[in-house]
Amino acid sequence: MSFDNAYESLLGHEDAHWAFGTGFAEALVGVNREFPSTVDRADIAAYCLMLGDDALIMAQRLAEWCSRAPELEEDIALSNIALDLLGQARLLLTRAGEVLERDEDSLAFLRDEREFRNVHLVEIDCGPGPGGDFGTTIARLLVFSSWRLALFSRLRGSADPVLAAIAEKGLKELAYHRDHAAQWAVRLGDGTDESHRRMQAGLERVWPFVDELFLAHPVEAKLSGVAVPSAELRSEVEGVLEAVFSASGLTRPADVPTARVAGMAGRDGVHTEAMGFLLAEMQHLHRSLPGATW
Amino acid sequence: MADELDLAFERTVRSEARIEPRDWMPDGYRNTLIRQIAQHAHSEIIGMQPEGNWISRAPSLRRKAILLAKVQDEAGHGLYLYSATETLGADRTDLTVKLIEGRQKYSSIFNYPTLTFADMGVIGWLVDGAAICNQVPLCRTSYGPYARAMIRICKEESFHQRQGYELLMTMMSGTQAQRDMVQDAVNRWWWPSLMMFGPPDAESSNTEQSMAWRIKRNTNDELRQKFVDMSVPQAAHLGVTFPDPELRWNEERGHHDFGQPDWDEFWQVVKGNGVCNAQRIAHRRKAHEDGAWVREAAEAHAARQVSKEAKMIGQSA
Amino acid sequence: MSSSWPLWEVFVRGKRGLNHVHVGSLHAPDAEMALRNARDVYTRRNEGVSIWVVKADDITASSPDEKDPFFAPSGDKVYRHPTFYAIPEDVPHL
């Protein structure tokens, strides 16, 4: 098309504009995909599933906002964040799949609930369903992206070149997500009485699920130099959250972490009741047509 | 003086130059444009719902990403178009309220339900295809901001159409169940797609003035014919058929002959009796109302920031 | 009903060597959110592009035509949103 328009000069990089839908395979082009010899590949796969499932389930939840956000601009922003996380999930599941000899879709759609390794924080309903509202969603996004950003900034130094590359790519995205959530937390905390109350309630809702983010998992110990020890992240994340609280007039909720179930939680494949419904919805079509190609 | 302005306006339009926001324009032109662009914007926003319906259930991660990005594009299109109405003095919130109160319309096609994932492909191929036929001429519409918004939208829509067609090709090369799903979706969407061009020219009220103002560039029937001619070979390539026994090539006309959609059904859906009319509006209303406290909070915070800055300037002075 | 957030005009430098070009507008409560939304809406967060956001109310505009609508019947204040499109015809692509 040749019209008297201002976009021609902007859309020269047309393909980049469509980064989400196409050309996905090239995301990590040129990265060495060999596994480090110092650790067990099965442990790398397990670790990739944890981080990949976190991103996948969080994306699934965030995408629920599509067409339901408080303003069009925010609808687009939340979709962007969901797309970033979906992209991270695909890279991580693909990496796990190289060990498990399964592709990303087999891992996403054909594992049962007990095989999912995500933390509870990402799977609970924080709105737009009845489990929360925009404030709850922002509270979760703030905690999740602050934590994941701290994790990915360390993961850049991983001895697994693919994990390091995924972290490098994801870092900018997560910094953006955290910033977005922090800005909203401040706006809502310092907005109206109602927004302050809702934002505080959102924090109270997600806070019991925060502790799980920092619990050491046995696989981390076996992946020295490859994985990031979760316990290391606590002080950095707490610092970020404190800064947001003080800027917004919000109060840090009391620490009353959710108890484990027979000693287990999300990383062990033991989830909340919300997870079964989430997976039923996400997986049913893929499972109803075995052998189909999409 | 008014006559002089009127003449200048007519001259500009006739010479295919663009009318820009600060130019004088007849009230009728302004109001027609606001109504038409708002209707188009509403269609993009309501149109997010039938496809958004399948994001959570998309059968592969790649399709999930594509679909989410596509629905996000529609939000962007709505936003560009609402912006164009704002150059005419309209207000987005006001238009949204008109939409959820049923005082302004959106494309009736979105009152049809999306029942299988094949609908995602068929919407891309046929519904977006019909939208492109309608919209490409609008890239040359007389009102500058509208034309520029349409250029951007058309580029993205044509990408969506290719994506939809690609999904269908993939499904057609899959299992028999998938092929059946595609044909079923085509059967349900073909007639509604033809209805997207509006009633036959003989019954269409706004066409003549809109054509003179260059805010509409082709008649409903011209565009419908173009769409049918475009779609028939695409269907053949895909291996699906259209549910129209009268559809055949007419050598003499150099076009396809085709049957008429059920205009009674069309008017019923337009009047609000489609399967999803009430649901679509309720969904949009809920998002708007649930978001009110967030919009108010952001405004209150911004106002407080401004007064803080003013105070600081006051102190330093 | 809640009122609207103010309108912001968005200008994007697509790449080095080009002028900032008006690409459209959006609503945001403040400049920070306007910038953020502009990146999401108009550039899909493409790295390396420069964005300006300007409150539409803060733009003072002249009309391209001699017949200034400010002095014309019904050419009144509804045009609080002037739209400039500096088409970069004269800017060489690098």
# chains A, B, ... in the order shown; residues from 1 in each chain; ligands from 1
>>> interface_residues(of="chain B", to="chain A", cutoff="6 Å", atoms="only C-alpha atoms", output="list in words")
Ser56, Arg57, Pro59, Ser60, Ile66, Gln72, Gly174, Thr175, Ala287, Gly291, Ala297, Ala298, Ala300 and His301 of chain B
>>> write_last_selection(atoms="N, CA and C atoms", output="PDB file, in the first residue's frame")
ATOM      1  N   SER B  56      -8.276 -19.263  26.387  1.00  0.00           N
ATOM      2  CA  SER B  56      -7.932 -20.171  27.494  1.00  0.00           C
ATOM      3  C   SER B  56      -7.920 -21.625  27.046  1.00  0.00           C
ATOM      4  N   ARG B  57      -8.565 -21.917  25.920  1.00  0.00           N
ATOM      5  CA  ARG B  57      -8.687 -23.311  25.475  1.00  0.00           C
ATOM      6  C   ARG B  57      -7.899 -23.605  24.214  1.00  0.00           C
ATOM      7  N   PRO B  59      -5.615 -24.966  21.463  1.00  0.00           N
ATOM      8  CA  PRO B  59      -5.101 -26.330  21.547  1.00  0.00           C
ATOM      9  C   PRO B  59      -3.579 -26.466  21.451  1.00  0.00           C
ATOM     10  N   SER B  60      -2.859 -25.390  21.205  1.00  0.00           N
ATOM     11  CA  SER B  60      -1.396 -25.458  21.255  1.00  0.00           C
ATOM     12  C   SER B  60      -0.915 -24.122  21.802  1.00  0.00           C
ATOM     13  N   ILE B  66      -0.786 -16.725  19.284  1.00  0.00           N
ATOM     14  CA  ILE B  66      -1.299 -16.028  18.101  1.00  0.00           C
ATOM     15  C   ILE B  66      -2.664 -15.421  18.389  1.00  0.00           C
ATOM     16  N   GLN B  72      -5.548  -8.855  21.122  1.00  0.00           N
ATOM     17  CA  GLN B  72      -4.898  -7.631  21.595  1.00  0.00           C
ATOM     18  C   GLN B  72      -4.854  -6.580  20.476  1.00  0.00           C
ATOM     19  N   GLY B 174      -5.115 -32.196   8.866  1.00  0.00           N
ATOM     20  CA  GLY B 174      -5.065 -33.021  10.075  1.00  0.00           C
ATOM     21  C   GLY B 174      -6.011 -34.210   9.984  1.00  0.00           C
ATOM     22  N   THR B 175      -6.769 -34.440  11.040  1.00  0.00           N
ATOM     23  CA  THR B 175      -7.656 -35.609  11.082  1.00  0.00           C
ATOM     24  C   THR B 175      -9.001 -35.288  10.432  1.00  0.00           C
ATOM     25  N   ALA B 287     -16.996  -5.021  32.295  1.00  0.00           N
ATOM     26  CA  ALA B 287     -15.595  -4.574  32.269  1.00  0.00           C
ATOM     27  C   ALA B 287     -15.524  -3.076  32.551  1.00  0.00           C
ATOM     28  N   GLY B 291     -14.145  -1.548  36.128  1.00  0.00           N
ATOM     29  CA  GLY B 291     -12.907  -0.774  36.023  1.00  0.00           C
ATOM     30  C   GLY B 291     -13.029   0.649  36.546  1.00  0.00           C
ATOM     31  N   ALA B 297      -9.139   5.980  40.640  1.00  0.00           N
ATOM     32  CA  ALA B 297      -7.964   5.987  41.511  1.00  0.00           C
ATOM     33  C   ALA B 297      -6.768   6.598  40.788  1.00  0.00           C
ATOM     34  N   ALA B 298      -6.591   6.206  39.527  1.00  0.00           N
ATOM     35  CA  ALA B 298      -5.452   6.718  38.773  1.00  0.00           C
ATOM     36  C   ALA B 298      -5.561   8.228  38.592  1.00  0.00           C
ATOM     37  N   ALA B 300      -7.188  10.277  40.637  1.00  0.00           N
ATOM     38  CA  ALA B 300      -6.973  10.916  41.939  1.00  0.00           C
ATOM     39  C   ALA B 300      -5.483  10.992  42.257  1.00  0.00           C
ATOM     40  N   HIS B 301      -4.776   9.928  41.946  1.00  0.00           N
ATOM     41  CA  HIS B 301      -3.339   9.914  42.202  1.00  0.00           C
ATOM     42  C   HIS B 301      -2.625  10.954  41.346  1.00  0.00           C
TER      43      HIS B 301
END
>>> residues_around(residues="Ile51 of chain C", least_positions_apart="3", cutoff="10 Å", atoms="only C-alpha atoms", output="MDAnalysis selection string")
chainID C and resid 10:14 20:22 35:36 38:39 42:43 48
>>> interface_residues(of="chain B", to="chain C", cutoff="10 Å", atoms="only C-alpha atoms", output="PyMOL selection string")
chain B and resi 1-2+4-5+8+20-27+72-73+75-77+79-84+86-94+97+144-145+148-149+152+288-289+291-303+305-306
>>> residues_around(residues="Ala118 of chain B", least_positions_apart="3", cutoff="9 Å", atoms="only C-alpha atoms", output="VMD selection string")
chain B and resid 114 to 115 121 to 123 167 to 168 171 178 181 to 186
>>> write_last_selection(atoms="N, CA, C and O atoms", output="PDB file, in the first residue's frame")
ATOM      1  N   THR B 114     -19.036 -18.388  18.919  1.00  0.00           N
ATOM      2  CA  THR B 114     -17.888 -19.167  18.434  1.00  0.00           C
ATOM      3  C   THR B 114     -17.912 -20.517  19.135  1.00  0.00           C
ATOM      4  O   THR B 114     -17.686 -20.606  20.334  1.00  0.00           O
ATOM      5  N   LEU B 115     -18.182 -21.566  18.362  1.00  0.00           N
ATOM      6  CA  LEU B 115     -18.490 -22.861  18.981  1.00  0.00           C
ATOM      7  C   LEU B 115     -17.354 -23.866  18.954  1.00  0.00           C
ATOM      8  O   LEU B 115     -17.338 -24.796  19.751  1.00  0.00           O
ATOM      9  N   GLY B 121     -10.238 -19.891  12.910  1.00  0.00           N
ATOM     10  CA  GLY B 121      -9.687 -19.807  11.565  1.00  0.00           C
ATOM     11  C   GLY B 121     -10.670 -19.169  10.600  1.00  0.00           C
ATOM     12  O   GLY B 121     -10.305 -18.319   9.788  1.00  0.00           O
ATOM     13  N   VAL B 122     -11.931 -19.558  10.702  1.00  0.00           N
ATOM     14  CA  VAL B 122     -12.929 -19.049   9.758  1.00  0.00           C
ATOM     15  C   VAL B 122     -13.188 -17.562   9.997  1.00  0.00           C
ATOM     16  O   VAL B 122     -13.395 -16.805   9.048  1.00  0.00           O
ATOM     17  N   ILE B 123     -13.148 -17.151  11.239  1.00  0.00           N
ATOM     18  CA  ILE B 123     -13.310 -15.713  11.498  1.00  0.00           C
ATOM     19  C   ILE B 123     -12.161 -14.947  10.849  1.00  0.00           C
ATOM     20  O   ILE B 123     -12.368 -13.914  10.217  1.00  0.00           O
ATOM     21  N   LEU B 167      -4.377 -21.424   9.757  1.00  0.00           N
ATOM     22  CA  LEU B 167      -4.930 -22.356  10.749  1.00  0.00           C
ATOM     23  C   LEU B 167      -5.842 -23.373  10.060  1.00  0.00           C
ATOM     24  O   LEU B 167      -5.769 -24.578  10.326  1.00  0.00           O
ATOM     25  N   LEU B 168      -6.668 -22.869   9.139  1.00  0.00           N
ATOM     26  CA  LEU B 168      -7.599 -23.775   8.456  1.00  0.00           C
ATOM     27  C   LEU B 168      -6.849 -24.775   7.578  1.00  0.00           C
ATOM     28  O   LEU B 168      -7.204 -25.951   7.523  1.00  0.00           O
ATOM     29  N   MET B 171      -5.550 -27.383   9.820  1.00  0.00           N
ATOM     30  CA  MET B 171      -6.605 -28.284  10.289  1.00  0.00           C
ATOM     31  C   MET B 171      -7.078 -29.214   9.180  1.00  0.00           C
ATOM     32  O   MET B 171      -7.373 -30.385   9.418  1.00  0.00           O
ATOM     33  N   GLN B 178     -11.046 -32.948  12.383  1.00  0.00           N
ATOM     34  CA  GLN B 178     -10.674 -31.536  12.198  1.00  0.00           C
ATOM     35  C   GLN B 178     -11.267 -30.978  10.907  1.00  0.00           C
ATOM     36  O   GLN B 178     -11.746 -29.848  10.870  1.00  0.00           O
ATOM     37  N   MET B 181     -14.773 -30.258  11.372  1.00  0.00           N
ATOM     38  CA  MET B 181     -14.922 -29.074  12.209  1.00  0.00           C
ATOM     39  C   MET B 181     -14.807 -27.801  11.365  1.00  0.00           C
ATOM     40  O   MET B 181     -15.558 -26.845  11.549  1.00  0.00           O
ATOM     41  N   VAL B 182     -13.871 -27.818  10.415  1.00  0.00           N
ATOM     42  CA  VAL B 182     -13.682 -26.647   9.546  1.00  0.00           C
ATOM     43  C   VAL B 182     -14.915 -26.437   8.675  1.00  0.00           C
ATOM     44  O   VAL B 182     -15.452 -25.326   8.578  1.00  0.00           O
ATOM     45  N   GLN B 183     -15.397 -27.541   8.053  1.00  0.00           N
ATOM     46  CA  GLN B 183     -16.561 -27.386   7.164  1.00  0.00           C
ATOM     47  C   GLN B 183     -17.775 -26.887   7.950  1.00  0.00           C
ATOM     48  O   GLN B 183     -18.526 -26.025   7.484  1.00  0.00           O
ATOM     49  N   ASP B 184     -17.934 -27.406   9.149  1.00  0.00           N
ATOM     50  CA  ASP B 184     -19.056 -26.967   9.992  1.00  0.00           C
ATOM     51  C   ASP B 184     -18.951 -25.468  10.295  1.00  0.00           C
ATOM     52  O   ASP B 184     -19.950 -24.741  10.248  1.00  0.00           O
ATOM     53  N   ALA B 185     -17.753 -25.032  10.586  1.00  0.00           N
ATOM     54  CA  ALA B 185     -17.562 -23.614  10.898  1.00  0.00           C
ATOM     55  C   ALA B 185     -17.848 -22.755   9.662  1.00  0.00           C
ATOM     56  O   ALA B 185     -18.485 -21.703   9.754  1.00  0.00           O
ATOM     57  N   VAL B 186     -17.378 -23.217   8.495  1.00  0.00           N
ATOM     58  CA  VAL B 186     -17.654 -22.475   7.251  1.00  0.00           C
ATOM     59  C   VAL B 186     -19.165 -22.398   7.024  1.00  0.00           C
ATOM     60  O   VAL B 186     -19.701 -21.335   6.668  1.00  0.00           O
TER      61      VAL B 186
END
>>> residues_around(residues="segment 156-168 of chain A", least_positions_apart="4", cutoff="9 Å", atoms="only C-alpha atoms", output="compact mmCIF listing (two decimals) with C-alpha atoms, in the first residue's frame")
# COMPACT_ATOMS: atom_id res chain seq x y z
CA ALA A 27 14.00 -16.63 19.75
CA LEU A 28 17.23 -18.24 20.90
CA VAL A 31 22.55 -20.50 21.39
CA ASN A 32 24.49 -23.65 22.19
CA ARG A 33 21.93 -26.29 23.24
CA GLU A 34 24.34 -28.80 24.74
CA PHE A 35 23.75 -29.69 28.35
CA PRO A 36 26.47 -28.99 30.91
CA ILE A 44 17.70 -29.53 34.46
CA CYS A 48 12.85 -25.98 33.61
CA GLN A 88 9.15 -17.73 28.44
CA LEU A 91 11.25 -21.75 25.76
CA LEU A 92 11.49 -23.45 29.15
CA ARG A 95 14.23 -27.09 26.98
CA LEU A 149 13.24 -10.72 38.00
CA LEU A 151 15.75 -15.01 39.88
CA PHE A 152 16.40 -14.33 36.20
CA LYS A 172 13.97 -6.99 30.13
CA SER A 224 24.95 -26.13 41.53
CA GLY A 225 26.02 -23.45 39.05
CA VAL A 226 22.95 -24.09 36.91
CA ALA A 227 19.98 -23.21 39.13
CA VAL A 228 19.44 -20.28 41.48
>>> atom_distance(atom1="atom CA of His42 of chain B", atom2="atom CA of Glu166 of chain B")
27.1 Å
>>> residues_around(residues="segment 220-224 of chain B", least_positions_apart="6", cutoff="8 Å", atoms="only C-alpha atoms", output="PyMOL selection string")
chain B and resi 133-134+194+197-201
>>> write_last_selection(atoms="C-alpha atoms", output="PDB file, in the first residue's frame")
ATOM      1  CA  CYS B 133     -13.078  -5.636   1.682  1.00  0.00           C
ATOM      2  CA  ASN B 134     -15.086  -3.088   3.603  1.00  0.00           C
ATOM      3  CA  LEU B 194     -22.087 -11.938   3.487  1.00  0.00           C
ATOM      4  CA  PHE B 197     -21.681  -5.789   3.851  1.00  0.00           C
ATOM      5  CA  GLY B 198     -25.097  -4.622   4.940  1.00  0.00           C
ATOM      6  CA  PRO B 199     -28.486  -4.898   3.278  1.00  0.00           C
ATOM      7  CA  PRO B 200     -28.819  -4.811  -0.514  1.00  0.00           C
ATOM      8  CA  ASP B 201     -28.231  -1.359  -2.020  1.00  0.00           C
TER       9      ASP B 201
END
>>> atom_distance(atom1="atom CA of Phe227 of chain B", atom2="atom CA of Glu252 of chain B")
18.5 Å
